[in-house]
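Written out below as structure tokens is the structure these notes cover.
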Amino acid sequence: MMFKTKSFYAGIIWAMLFVPQLLKAQSNVIDEVIAVVGDSPILRSDVESQYQQVMMQGSNYAGDLKCHIFEQLLLQKLLLEQAKIDSVEVSENTVISYVDRQINEFINRAGSKEKLEEWLNKPLYQIKQEQRNIIRDQLITQQMQGNITGDIKVTPSEIRSFYRSHSDTLPQVPAQFEVQQITVYPQISVEETEAVKARLRDFQRQVNEGRDFATLAVLYSEDPGSAARGGEMGYMSRAEFVPEFAQVAFNLQDKNKISKIVETEFGFHIIQLVDRQGDRINARHILLRPKAKPEAIEEAKRRADSLATVIRNGDMSFEEVALRYSMDKDTRANGGTMVNPQNQSTKFQVQQIAADIYRQVEKMKPNDISNAFLMKDERLGKDYYAIIKLKSFNEPHKANLQDDYQLLQSLLEEEKSQDSFKKWITKRQQENYISISPNWINCEFEFKGWVK
């Protein structure tokens with residue numbers, strides 16, 4: 001089985017995340033040390049807990065799954081031992097930030113902090129401490145692995161040589177397309193904005209008169225990520241908030257203090273300080289989003305269609321219109337060209353782009369301009385109209401230098417990274433103390449140097 005350097009440890013951390021069934025299963029395991037790498041033990045419960053997680057997710061691993069997990073843990077310990085030698089560390093603030101986001105996700109799944117504690121039969125502080133250790137190791141191993149393979153570079157001549165030598169085994173590339181977009185958001189009326197502010201001022205009054213902020217957040221906040229938790233966002237640093245929100249939230253000095261109304265790209269907020277730990281705060285907020293009136297939505301459609309007409313008539317290029325009139329700050333500066341967030345390229349496969357956009361693309365030819373169509377900005381919770389241009393389209397094909405240079409570069413970098421990492425593992429297996437329980441030495445390991 002090929003060792004995947006870039007995604008390997010992402011799988012480890014997911015397997016180590018807790019769910020109630022996993023922890024209950026783990027609590028019934030009679031523990032024992034099954035291996036030692038350097039001075040770090042691996043417990044049988046470590047393997048069992050990850051095995052339970054993978055099985056619940058549905059495993060299609062063809063070999064001995066427990067042996068596979070065991071070898072993953074051996075590799076992790078080997079990286080951690082080297083990290084000690086190289087003094088590789090991660091800041092505690094970074095660890096806590098990751099832990100808080102993870103805990104917030106679990107609270108959201110459970111429905112409340114109390115339900116999570118009941119679910120896991122542990123107080124929240126203990127859950128956080130366990131996660132802190134797991135995530136710290138994960139971040140260190142990721143950094144250590146990056147140190148080992150981070151200097152891998154490939155030259156154009158190497159890429160051409162790779163293409164020639166792998167011509168028979170290069171992958172099939174699915175249909176791909178490049179898309180440019182221009183977005184037009186409906187204008188929000190002053191009356192609607194003032195109505196939203198008036199509601200938030202009423203919430204401020206109710207809290208000051210004794211009503212629970214969290215209850216109001218559950219009932220009225222339009223932030224889907226925090227409303228179910230009473231608006232609570234968990235401990236976060238200033239950099240994790242948008243600037244307008246951070247400036248007000250971090251200026252709150254007293255617990256339970258209610259902020260003034262804050263406007264951000266998401267809408268209007270009021271904020272309550274829950275707690276402060278160093279340079280991080282835990283805050284609640286109530287978010288309300290002004291809604292565009294039907295006539296404003298229709299006007300946005302007319303404006304988007306008029307921009308499409310300007311482009312089709314040749315009065316302005318798509319790129320010029322995008323730069324001057326598009327309301328999407330992420331794409332307007334580069335002519336409206338959309339960037340694939342999965343690989344940072346400008347090419348998309350069918351499953352990588354919004355369904356509403358693909359419904360337009362599938363009936364277009366390169367350089368066609370669509371009519372205006374309604375879209376939903378999921379991040380901001382706003383409707384808008386868009387027009388798109390199909391910049392290019394590539395039929396399904398075998399990878400080639402002309403169309404897939406970036407893909408070939410990535411494949412070669414991955415191959416060289418794997419080779420480099422395998423050599424590093426072989427060397428460190430020889431240099432480190434490794435002891436494996438007799439009950440586990442018969443595993444079919446990918447790397448043969450574990451048993452000495």
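In the structure tokens, the first chain shown is A, the next is B, and so on; residue numbers restart at 1 for each chain, and ligands run from 1 in the order shown.
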Checklist entry - What residues in stretch 111-180 of chain A get the DSSP label alpha helix (DSSP H)? Please answer as a VMD selection string. => result chain A and resid 113 to 120 124 to 149 156 to 165
File of the preceding selection, C-alpha atoms, as an mmCIF file, in the first residue's frame:
```
data_model
loop_
_atom_site.group_PDB
_atom_site.id
_atom_site.type_symbol
_atom_site.label_atom_id
_atom_site.label_comp_id
_atom_site.auth_asym_id
_atom_site.auth_seq_id
_atom_site.Cartn_x
_atom_site.Cartn_y
_atom_site.Cartn_z
ATOM 1 C CA LYS A 113 -22.311 21.576 26.502
ATOM 2 C CA GLU A 114 -24.360 19.673 29.076
ATOM 3 C CA LYS A 115 -25.439 17.057 26.548
ATOM 4 C CA LEU A 116 -21.846 16.592 25.416
ATOM 5 C CA GLU A 117 -20.699 16.023 29.002
ATOM 6 C CA GLU A 118 -23.540 13.571 29.545
ATOM 7 C CA TRP A 119 -22.782 11.857 26.253
ATOM 8 C CA LEU A 120 -19.122 11.312 27.135
ATOM 9 C CA LEU A 124 -15.766 19.577 29.688
ATOM 10 C CA TYR A 125 -12.359 20.459 31.154
ATOM 11 C CA GLN A 126 -11.315 16.786 30.996
ATOM 12 C CA ILE A 127 -12.525 16.433 27.417
ATOM 13 C CA LYS A 128 -10.505 19.503 26.461
ATOM 14 C CA GLN A 129 -7.372 18.212 28.172
ATOM 15 C CA GLU A 130 -7.565 14.879 26.339
ATOM 16 C CA GLN A 131 -8.061 16.625 23.022
ATOM 17 C CA ARG A 132 -5.202 19.007 23.773
ATOM 18 C CA ASN A 133 -2.733 16.114 23.999
ATOM 19 C CA ILE A 134 -4.020 14.488 20.806
ATOM 20 C CA ILE A 135 -4.003 17.672 18.774
ATOM 21 C CA ARG A 136 -0.592 18.786 20.069
ATOM 22 C CA ASP A 137 0.933 15.508 18.848
ATOM 23 C CA GLN A 138 -0.888 15.857 15.544
ATOM 24 C CA LEU A 139 0.391 19.377 14.908
ATOM 25 C CA ILE A 140 3.949 18.421 15.841
ATOM 26 C CA THR A 141 3.960 15.384 13.534
ATOM 27 C CA GLN A 142 2.570 17.463 10.675
ATOM 28 C CA GLN A 143 5.282 20.061 11.192
ATOM 29 C CA MET A 144 7.960 17.401 11.504
ATOM 30 C CA GLN A 145 6.848 15.701 8.318
ATOM 31 C CA GLY A 146 6.819 19.059 6.561
ATOM 32 C CA ASN A 147 10.415 19.600 7.665
ATOM 33 C CA ILE A 148 11.402 16.286 6.127
ATOM 34 C CA THR A 149 9.731 16.741 2.742
ATOM 35 C CA PRO A 156 10.608 21.664 -15.835
ATOM 36 C CA SER A 157 13.047 19.134 -17.308
ATOM 37 C CA GLU A 158 12.234 16.679 -14.505
ATOM 38 C CA ILE A 159 8.515 17.123 -15.182
ATOM 39 C CA ARG A 160 9.024 16.423 -18.888
ATOM 40 C CA SER A 161 11.114 13.360 -18.051
ATOM 41 C CA PHE A 162 8.443 12.203 -15.579
ATOM 42 C CA TYR A 163 5.804 12.587 -18.275
ATOM 43 C CA ARG A 164 7.790 10.496 -20.753
ATOM 44 C CA SER A 165 8.664 7.761 -18.280
#
```
Next on the checklist: Which residues are near A:Val179? Cut-off 7 Å, only C-alpha atoms, ignore same chain within fewer than 5 positions. Put them as a count of residues only.
Outcome noted: 6
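Neighbours of stretch 63-74 of chain A closer than or equal to 7 Å, with only C-alpha atoms counted and sequence neighbours fewer than 4 positions away skipped, come out as A:Val47, A:Tyr51, A:Leu78, A:Cys443, A:Phe445.
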Store the residues picked out above in a file with N, CA and C atoms, as a tab-separated table (two decimals), in the first residue's frame.
```
chain	number	residue	atom	x	y	z
A	47	VAL	N	-4.91	1.46	19.60
A	47	VAL	CA	-5.29	0.77	18.37
A	47	VAL	C	-6.79	0.48	18.36
A	51	TYR	N	-9.61	1.70	15.72
A	51	TYR	CA	-10.29	0.65	14.97
A	51	TYR	C	-11.81	0.81	15.06
A	78	LEU	N	7.56	7.69	15.83
A	78	LEU	CA	8.89	7.92	15.26
A	78	LEU	C	9.07	9.41	14.94
A	443	CYS	N	2.47	-8.86	12.07
A	443	CYS	CA	1.75	-7.98	11.15
A	443	CYS	C	2.56	-7.82	9.85
A	445	PHE	N	3.83	-5.43	7.80
A	445	PHE	CA	4.10	-4.01	7.80
A	445	PHE	C	4.51	-3.54	6.40
```
Item to check | Closest of A:Gly449, A:Pro174, A:Ser326, A:Val154 to A:Gln406 - atom-to-atom distances counting only C-alpha atoms | outcome: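 The shortest atom-to-atom distance to A:Gln406 comes from A:Val154.
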